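Trainee: Coordinates in final_2.cif, mmCIF, C-alpha atoms, are listed below.
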data_entry
#
loop_
_atom_site.label_atom_id
_atom_site.label_comp_id
_atom_site.auth_asym_id
_atom_site.auth_seq_id
_atom_site.Cartn_x
_atom_site.Cartn_y
_atom_site.Cartn_z
CA MET A 1 -85.94 -67.17 95.66
CA SER A 2 -87.58 -63.94 94.48
CA LEU A 3 -91.34 -63.53 94.48
CA PRO A 4 -93.48 -62.78 91.43
CA ALA A 5 -94.02 -59.01 91.35
CA ALA A 6 -97.71 -59.22 92.27
CA ILE A 7 -97.21 -61.45 95.34
CA THR A 8 -96.23 -60.50 98.88
CA VAL A 9 -95.67 -62.61 101.99
CA GLN A 10 -97.24 -61.78 105.35
CA ARG A 11 -97.56 -63.55 108.69
CA ILE A 12 -101.22 -63.24 109.75
CA PRO A 13 -102.37 -64.04 113.33
CA VAL A 14 -105.38 -66.37 113.34
CA GLY A 15 -106.20 -66.76 117.03
CA PRO A 16 -109.19 -65.33 118.89
CA ALA A 17 -109.52 -61.56 118.59
CA ASP A 18 -109.40 -61.12 122.38
CA GLN A 19 -105.97 -62.76 122.54
CA PRO A 20 -102.79 -60.65 122.33
CA GLU A 21 -101.28 -60.90 118.85
CA GLN A 22 -97.96 -62.16 120.21
CA ALA A 23 -99.74 -65.13 121.84
CA GLN A 24 -101.69 -66.15 118.73
CA ALA A 25 -100.99 -68.90 116.26
CA TRP A 26 -100.26 -67.55 112.79
CA LEU A 27 -100.19 -68.60 109.17
CA ASN A 28 -97.47 -67.52 106.80
CA CYS A 29 -99.44 -66.28 103.78
CA ARG A 30 -98.85 -65.32 100.17
CA LEU A 31 -101.09 -62.47 99.03
CA SER A 32 -101.99 -60.73 95.79
CA GLY A 33 -104.60 -58.26 94.62
CA PRO A 34 -106.09 -55.08 96.09
CA HIS A 35 -105.79 -55.78 99.83
CA ASP A 36 -106.04 -52.03 100.40
CA GLN A 37 -109.67 -52.34 99.24
CA PRO A 38 -111.43 -54.42 101.93
CA ASN A 39 -114.64 -54.63 99.89
CA ALA A 40 -112.88 -56.45 97.03
CA PRO A 41 -113.96 -60.14 97.03
CA LEU A 42 -111.62 -62.55 98.77
CA LEU A 43 -110.32 -65.86 97.38
CA LEU A 44 -108.72 -68.29 99.83
CA PHE A 45 -106.42 -70.96 98.30
CA LEU A 46 -105.55 -74.04 100.40
CA HIS A 47 -102.72 -76.42 99.47
CA GLY A 48 -102.34 -80.11 100.26
CA PHE A 49 -99.59 -82.62 101.07
CA PRO A 50 -96.68 -82.54 100.39
CA GLU A 51 -96.93 -79.07 98.90
CA ALA A 52 -96.98 -75.51 100.23
CA ALA A 53 -98.64 -72.17 99.47
CA PHE A 54 -96.22 -71.31 96.66
CA VAL A 55 -97.92 -73.82 94.33
CA TRP A 56 -100.76 -71.30 93.92
CA ASP A 57 -98.49 -68.46 92.73
CA GLY A 58 -99.65 -68.59 89.11
CA LEU A 59 -103.29 -68.39 90.17
CA LEU A 60 -102.56 -65.66 92.72
CA ALA A 61 -101.01 -63.55 89.96
CA HIS A 62 -103.91 -64.26 87.59
CA PHE A 63 -106.85 -63.76 89.95
CA GLY A 64 -105.13 -60.95 91.84
CA GLN A 65 -106.13 -58.68 88.98
CA HIS A 66 -109.72 -58.69 90.26
CA TYR A 67 -109.75 -60.36 93.70
CA ARG A 68 -107.99 -60.15 97.02
CA CYS A 69 -106.16 -63.49 97.07
CA VAL A 70 -104.50 -65.28 99.98
CA ALA A 71 -102.74 -68.64 100.05
CA PRO A 72 -101.59 -69.67 103.55
CA ASN A 73 -99.04 -72.28 104.43
CA LEU A 74 -101.17 -74.49 106.63
CA ARG A 75 -100.31 -75.05 110.28
CA GLY A 76 -97.03 -76.97 110.48
CA TYR A 77 -95.88 -75.97 107.01
CA GLU A 78 -93.19 -73.54 105.85
CA GLY A 79 -93.08 -70.45 108.11
CA SER A 80 -96.43 -71.13 109.82
CA TYR A 81 -97.11 -72.05 113.45
CA ALA A 82 -95.75 -75.58 113.98
CA PRO A 83 -96.47 -77.05 117.43
CA ALA A 84 -95.06 -80.45 118.42
CA ASP A 85 -98.22 -82.16 119.69
CA VAL A 86 -99.95 -84.42 117.17
CA ALA A 87 -103.30 -83.46 118.72
CA ALA A 88 -102.67 -79.88 117.58
CA TYR A 89 -103.24 -81.06 114.00
CA ARG A 90 -106.78 -82.33 114.43
CA PRO A 91 -108.98 -81.08 111.59
CA LYS A 92 -111.15 -78.98 113.92
CA LEU A 93 -108.14 -76.96 115.08
CA ILE A 94 -106.81 -76.42 111.57
CA GLN A 95 -110.27 -75.28 110.50
CA GLU A 96 -110.22 -72.78 113.37
CA ASP A 97 -106.98 -71.40 111.88
CA LEU A 98 -108.73 -70.97 108.55
CA ALA A 99 -111.79 -69.36 110.12
CA GLY A 100 -109.47 -66.95 111.97
CA LEU A 101 -107.70 -66.10 108.73
CA ILE A 102 -110.99 -65.33 106.96
CA ARG A 103 -112.10 -63.15 109.89
CA ALA A 104 -108.76 -61.32 109.83
CA LEU A 105 -109.34 -60.52 106.15
CA GLY A 106 -112.88 -59.24 106.45
CA GLY A 107 -115.05 -62.09 107.65
CA ARG A 108 -116.17 -63.81 104.46
CA ALA A 109 -114.51 -65.41 101.43
CA HIS A 110 -116.07 -65.15 98.01
CA ALA A 111 -114.65 -68.63 97.44
CA VAL A 112 -112.48 -71.18 99.20
CA ILE A 113 -110.41 -72.98 96.54
CA ALA A 114 -108.73 -76.08 97.87
CA HIS A 115 -106.75 -79.15 96.83
CA ASP A 116 -105.95 -82.45 98.56
CA TRP A 117 -105.59 -81.93 102.36
CA GLY A 118 -106.60 -78.30 101.92
CA GLY A 119 -109.79 -79.59 100.35
CA ALA A 120 -110.42 -82.07 103.16
CA LEU A 121 -110.26 -79.16 105.59
CA ALA A 122 -112.42 -76.97 103.35
CA TRP A 123 -115.20 -79.59 103.19
CA GLY A 124 -115.40 -79.50 106.98
CA LEU A 125 -115.24 -75.71 107.15
CA ALA A 126 -118.02 -75.38 104.57
CA ALA A 127 -120.19 -77.83 106.55
CA THR A 128 -119.65 -76.24 109.97
CA ALA A 129 -119.17 -72.56 109.12
CA PRO A 130 -121.01 -71.81 105.86
CA GLN A 131 -121.31 -68.16 106.90
CA LEU A 132 -117.60 -67.75 106.15
CA MET A 133 -117.84 -68.39 102.40
CA ASP A 134 -120.02 -67.80 99.38
CA ARG A 135 -118.88 -71.00 97.67
CA LEU A 136 -116.49 -73.92 97.86
CA ILE A 137 -114.32 -75.06 94.94
CA ALA A 138 -112.62 -78.42 95.55
CA LEU A 139 -109.86 -79.75 93.29
CA ASN A 140 -109.28 -83.50 93.66
CA ALA A 141 -110.21 -83.35 97.33
CA THR A 142 -112.64 -85.99 98.47
CA HIS A 143 -115.65 -85.44 100.71
CA PRO A 144 -115.17 -87.47 103.93
CA ALA A 145 -118.28 -89.66 103.61
CA PRO A 146 -117.46 -91.47 100.34
CA PHE A 147 -113.80 -91.59 101.33
CA LEU A 148 -114.55 -93.34 104.63
CA LYS A 149 -116.80 -95.84 102.84
CA ALA A 150 -114.11 -96.58 100.26
CA LEU A 151 -111.41 -96.97 102.92
CA ARG A 152 -113.55 -99.59 104.64
CA GLU A 153 -114.95 -101.48 101.67
CA ASP A 154 -112.87 -100.97 98.52
CA PRO A 155 -109.61 -102.96 98.32
CA ALA A 156 -108.39 -100.76 95.46
CA GLN A 157 -108.85 -97.61 97.56
CA GLN A 158 -107.22 -99.29 100.55
CA ALA A 159 -104.18 -100.09 98.38
CA ALA A 160 -104.09 -96.59 96.83
CA SER A 161 -104.26 -95.03 100.30
CA GLY A 162 -101.68 -97.33 101.84
CA TYR A 163 -99.22 -94.44 101.99
CA ILE A 164 -101.41 -92.90 104.72
CA ASN A 165 -100.47 -95.65 107.15
CA LEU A 166 -96.80 -95.17 106.25
CA LEU A 167 -97.05 -91.46 107.08
CA ARG A 168 -98.62 -92.24 110.46
CA GLU A 169 -95.59 -94.27 111.59
CA PRO A 170 -93.34 -92.87 114.35
CA GLY A 171 -90.09 -91.47 112.99
CA VAL A 172 -91.16 -91.49 109.36
CA GLU A 173 -89.81 -87.94 108.95
CA ALA A 174 -86.23 -89.21 108.74
CA GLN A 175 -87.19 -91.74 106.07
CA LEU A 176 -88.92 -89.05 104.02
CA ALA A 177 -85.95 -86.68 104.19
CA ALA A 178 -83.31 -89.31 103.38
CA ASP A 179 -81.43 -89.34 100.07
CA ASP A 180 -82.53 -85.86 99.02
CA PHE A 181 -86.20 -86.49 99.89
CA ALA A 182 -86.38 -89.55 97.63
CA ARG A 183 -89.67 -90.74 99.12
CA MET A 184 -91.20 -87.27 98.90
CA TRP A 185 -90.56 -87.09 95.15
CA GLY A 186 -92.25 -90.47 94.96
CA PHE A 187 -95.57 -88.99 96.02
CA PHE A 188 -95.56 -86.92 92.83
CA GLU A 189 -94.07 -89.54 90.53
CA GLN A 190 -96.23 -92.42 91.73
CA PHE A 191 -99.48 -90.60 90.98
CA GLY A 192 -98.74 -89.23 87.51
CA GLY A 193 -95.10 -89.39 86.46
CA ALA A 194 -94.42 -85.73 87.32
CA ALA A 195 -92.95 -84.56 84.02
CA TRP A 196 -93.79 -81.05 85.28
CA LEU A 197 -91.33 -81.32 88.17
CA THR A 198 -88.53 -79.07 86.87
CA PRO A 199 -85.16 -78.59 88.64
CA ALA A 200 -86.25 -75.11 89.76
CA LEU A 201 -89.49 -76.47 91.20
CA ARG A 202 -87.62 -79.26 92.96
CA ASP A 203 -85.45 -76.61 94.61
CA ARG A 204 -88.57 -74.77 95.78
CA TYR A 205 -89.98 -77.95 97.32
CA ARG A 206 -86.63 -78.62 99.06
CA GLN A 207 -86.84 -75.13 100.55
CA ALA A 208 -90.35 -75.77 101.89
CA TRP A 209 -89.45 -79.22 103.27
CA SER A 210 -86.32 -77.85 105.00
CA ALA A 211 -87.76 -74.72 106.63
CA ALA A 212 -87.13 -74.72 110.38
CA PRO A 213 -90.35 -75.16 112.42
CA GLN A 214 -91.55 -72.04 114.25
CA GLY A 215 -93.80 -71.65 117.26
CA LEU A 216 -94.83 -69.59 120.24
CA PRO A 217 -92.38 -68.86 123.08
CA GLY A 218 -92.41 -71.60 125.70
CA GLN A 219 -94.16 -74.15 123.47
CA ALA A 220 -92.55 -77.27 122.06
CA LEU A 221 -91.86 -77.09 118.32
CA ALA A 222 -92.42 -79.78 115.73
CA ALA A 223 -89.30 -81.97 115.74
CA SER A 224 -88.70 -81.79 111.99
CA PRO A 225 -89.81 -79.60 109.07
CA LEU A 226 -91.81 -82.65 107.94
CA SER A 227 -93.43 -83.35 111.32
CA GLY A 228 -96.23 -80.82 110.82
CA PRO A 229 -97.23 -82.18 107.39
CA VAL A 230 -97.29 -85.83 108.50
CA ASN A 231 -99.06 -84.99 111.76
CA TYR A 232 -102.19 -84.30 109.71
CA TYR A 233 -102.30 -88.00 108.90
CA ARG A 234 -101.49 -89.05 112.47
CA ALA A 235 -104.28 -86.85 113.85
CA SER A 236 -106.92 -87.89 111.31
CA PRO A 237 -109.24 -90.85 111.98
CA LEU A 238 -109.41 -91.61 108.24
CA HIS A 239 -106.92 -94.23 107.05
CA PRO A 240 -107.03 -97.76 105.65
CA PRO A 241 -107.88 -100.23 108.42
CA THR A 242 -104.93 -102.25 109.67
CA SER A 243 -107.04 -104.94 111.39
CA ALA A 244 -110.64 -106.05 111.84
CA THR A 245 -110.74 -104.14 115.13
CA ASP A 246 -109.28 -100.89 113.78
CA PRO A 247 -111.44 -97.98 115.06
CA VAL A 248 -111.92 -96.72 111.51
CA ASN A 249 -114.21 -99.73 110.91
CA SER A 250 -116.74 -98.41 113.44
CA LEU A 251 -116.16 -94.70 112.99
CA VAL A 252 -119.34 -92.62 112.65
CA LEU A 253 -118.91 -89.15 111.19
CA PRO A 254 -121.47 -86.65 112.56
CA ASP A 255 -124.00 -85.33 110.06
CA ALA A 256 -122.92 -81.81 110.95
CA LEU A 257 -119.55 -82.53 109.33
CA LEU A 258 -121.00 -83.99 106.14
CA HIS A 259 -123.81 -81.79 104.83
CA VAL A 260 -122.51 -78.82 102.84
CA ASN A 261 -125.05 -76.09 102.25
CA VAL A 262 -122.99 -73.64 100.21
CA PRO A 263 -122.76 -73.71 96.41
CA THR A 264 -120.01 -76.21 95.63
CA ARG A 265 -118.00 -76.70 92.46
CA VAL A 266 -115.75 -79.74 92.12
CA ILE A 267 -112.92 -79.85 89.57
CA TRP A 268 -111.51 -83.34 89.17
CA GLY A 269 -108.57 -84.76 87.23
CA GLU A 270 -110.05 -88.11 86.25
CA ALA A 271 -106.69 -89.90 85.92
CA ASP A 272 -106.08 -89.53 89.67
CA THR A 273 -105.05 -92.95 90.98
CA ALA A 274 -104.84 -91.86 94.64
CA LEU A 275 -108.39 -90.45 94.66
CA PRO A 276 -110.27 -92.01 91.74
CA PRO A 277 -113.35 -90.30 90.26
CA SER A 278 -115.58 -93.02 91.76
CA LEU A 279 -115.35 -90.98 94.98
CA LEU A 280 -117.68 -88.47 93.32
CA ASP A 281 -120.50 -91.01 93.00
CA GLY A 282 -123.53 -89.99 95.07
CA LEU A 283 -121.88 -86.79 96.30
CA ASP A 284 -125.09 -84.81 95.77
CA ALA A 285 -126.59 -86.66 98.75
CA TRP A 286 -124.47 -84.43 100.99
CA VAL A 287 -124.03 -81.43 98.71
CA PRO A 288 -127.32 -80.30 97.13
CA ASP A 289 -125.91 -77.34 95.17
CA LEU A 290 -123.21 -79.23 93.28
CA GLN A 291 -121.52 -78.91 89.90
CA ILE A 292 -118.70 -81.22 88.80
CA THR A 293 -116.16 -80.43 86.08
CA ARG A 294 -114.28 -83.53 84.96
CA LEU A 295 -110.84 -83.14 83.36
CA PRO A 296 -109.90 -86.35 81.51
CA GLY A 297 -106.21 -87.20 81.38
CA LEU A 298 -105.18 -85.08 84.38
CA THR A 299 -104.06 -86.67 87.63
CA HIS A 300 -104.00 -85.63 91.27
CA TRP A 301 -101.40 -83.00 90.31
CA LEU A 302 -103.69 -81.29 87.79
CA LEU A 303 -102.64 -77.80 88.89
CA HIS A 304 -99.11 -78.49 87.63
CA GLU A 305 -99.97 -80.62 84.63
CA ASP A 306 -102.28 -78.18 82.87
CA PRO A 307 -102.51 -74.84 84.69
CA ASP A 308 -104.31 -73.14 81.78
CA THR A 309 -107.15 -75.68 81.81
CA VAL A 310 -107.42 -75.47 85.60
CA THR A 311 -107.49 -71.67 85.44
CA ARG A 312 -110.34 -71.74 82.92
CA ALA A 313 -112.25 -74.23 85.08
CA LEU A 314 -111.81 -71.96 88.10
CA GLU A 315 -112.97 -68.90 86.15
CA HIS A 316 -116.12 -70.80 85.22
CA ALA A 317 -116.62 -72.02 88.81
CA LEU A 318 -116.41 -68.45 90.09
CA GLN A 319 -119.21 -67.24 87.83
CA PRO A 320 -122.58 -66.56 89.52
#
Can you give me the file's structure in the form of structure tokens?
Mentor:
Amino acid sequence: MSLPAAITVQRIPVGPADQPEQAQAWLNCRLSGPHDQPNAPLLLFLHGFPEAAFVWDGLLAHFGQHYRCVAPNLRGYEGSYAPADVAAYRPKLIQEDLAGLIRALGGRAHAVIAHDWGGALAWGLAATAPQLMDRLIALNATHPAPFLKALREDPAQQAASGYINLLREPGVEAQLAADDFARMWGFFEQFGGAAWLTPALRDRYRQAWSAAPQGLPGQALAASPLSGPVNYYRASPLHPPTSATDPVNSLVLPDALLHVNVPTRVIWGEADTALPPSLLDGLDAWVPDLQITRLPGLTHWLLHEDPDTVTRALEHALQP
């Protein structure tokens, strides 16, 4: 599939600078804008599950007129480093990938713009490494503190997040890939109907979900193109409890992972049934510089449902 004229693809090493490039993990990135001008402000776009970096192409083309833009495929996704070990998908390690990417592109992002799992990672990166960004913009991506509380106490959230426990099961990759990815399409259709999911877009998702895993020489690769994406759920401590003794019931998240001291703008499709807007209640307790833009009628897949409205909301969020 050809790329929009303004977008290029580049594999960018994200490991420590003192490590040889050939031994470093990498992210397969989509770029737009004046990357030959290192002083141009940088926008970092982070996708979620079960998507890939290509979902940002429209915004890369739009904002590339004035910003250096980069949208990586996260670790384990299409063309990016995809190790086999579930432990390699712990949030801290993925955030180190993102920090390495920002350093490789100049050391600071004007904004990190993130959705779903990308947003979950961005909340943690903003809390632990605020020096890497001027602001955070989260699109239907919940802060971990209210999400953990809801997973423990809210039966409606437990039911809405039941798919997480499915994705943690051994061997689920084969179930997800069966019958032309029938269960994968369900993630879109269940949470909004997915009238936006055109035949051409379905083909692009099939390409992302079928891309052969890649890794470093001598290291075990993810067993399936879908292993990396589902390993995020297996490695995360946040999921609906499966028993009274489930460790999530006693989990304590460190304050250092919760308090975000960068200007934060949240854009939320209020018809999201996977992550309802009630997860925004009390968010200012952890995020003092907070503005919330609510988009009635849009679901978790707001970027696809109304890209013009989302673009305008992002333009506003990027203003000083």
Trainee: Would you list the residues near (-102.1, -67.6, 112.3), meaning any protein, DNA or RNA residue with an atom at most 7 Å from that point in file coordinates, counting only C-alpha atoms, as a PyMOL selection string?
Mentor: chain A and resi 12-15+24-27+81+97+101
Trainee: So that I can see what lies close to region 54-65 of chain A, please list as a PDB file with C-alpha atoms, in the frame of the given file the residues with an atom at most 7 Å from it, counting all atoms listed in the file and leaving out residues fewer than 6 positions away in the same chain.
Mentor:
ATOM      1  CA  ALA A   6     -97.710 -59.220  92.270  1.00  0.00           C
ATOM      2  CA  ILE A   7     -97.210 -61.450  95.340  1.00  0.00           C
ATOM      3  CA  SER A  32    -101.990 -60.730  95.790  1.00  0.00           C
ATOM      4  CA  GLY A  33    -104.600 -58.260  94.620  1.00  0.00           C
ATOM      5  CA  ALA A  71    -102.740 -68.640 100.050  1.00  0.00           C
TER       6      ALA A  71
END
Trainee: Any chance you could resolve the PyMOL selection byres ((chain A and resi 175-191) around 7) against this file and give the residues as a ChimeraX atom specification?
Mentor: /A:172-174,192-194,272-274,299-300
Trainee: Could the residues in this selection be written to a file with C-alpha atoms, as a PDB file, in the coordinates of the input?
Mentor:
ATOM      1  CA  VAL A 172     -91.160 -91.490 109.360  1.00  0.00           C
ATOM      2  CA  GLU A 173     -89.810 -87.940 108.950  1.00  0.00           C
ATOM      3  CA  ALA A 174     -86.230 -89.210 108.740  1.00  0.00           C
ATOM      4  CA  GLY A 192     -98.740 -89.230  87.510  1.00  0.00           C
ATOM      5  CA  GLY A 193     -95.100 -89.390  86.460  1.00  0.00           C
ATOM      6  CA  ALA A 194     -94.420 -85.730  87.320  1.00  0.00           C
ATOM      7  CA  ASP A 272    -106.080 -89.530  89.670  1.00  0.00           C
ATOM      8  CA  THR A 273    -105.050 -92.950  90.980  1.00  0.00           C
ATOM      9  CA  ALA A 274    -104.840 -91.860  94.640  1.00  0.00           C
ATOM     10  CA  THR A 299    -104.060 -86.670  87.630  1.00  0.00           C
ATOM     11  CA  HIS A 300    -104.000 -85.630  91.270  1.00  0.00           C
TER      12      HIS A 300
END
Trainee: Have a look at CA of Leu197 (chain A) and CA of Arg68 (chain A) and let me know their distance in Å, one decimal.
Mentor: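 Result for CA of Leu197 (chain A) versus CA of Arg68 (chain A): 28.4 Å, one decimal.
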Trainee: Give me, as CSV, each residue of region 152-231 of chain A that comes within 10 Å of region 87-92 of chain A, together with its shortest interatomic pair and the distance in Å at one decimal, counting only C-alpha atoms, with rows ordered by chain and rising residue number.
Mentor:
residue,atom,partner,partner_atom,distance
A:Gly228,CA,A:Tyr89,CA,7.7
A:Pro229,CA,A:Tyr89,CA,9.0
A:Val230,CA,A:Tyr89,CA,9.4
A:Asn231,CA,A:Tyr89,CA,6.2
Trainee: Determine the nearest neighbour of Lys149 (chain A) from the options A:Gly282, A:Pro34, A:Gly171, A:Pro130, counting all atoms listed in the file.
Mentor: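 So, comparing all the options, the nearest one is A:Gly282.
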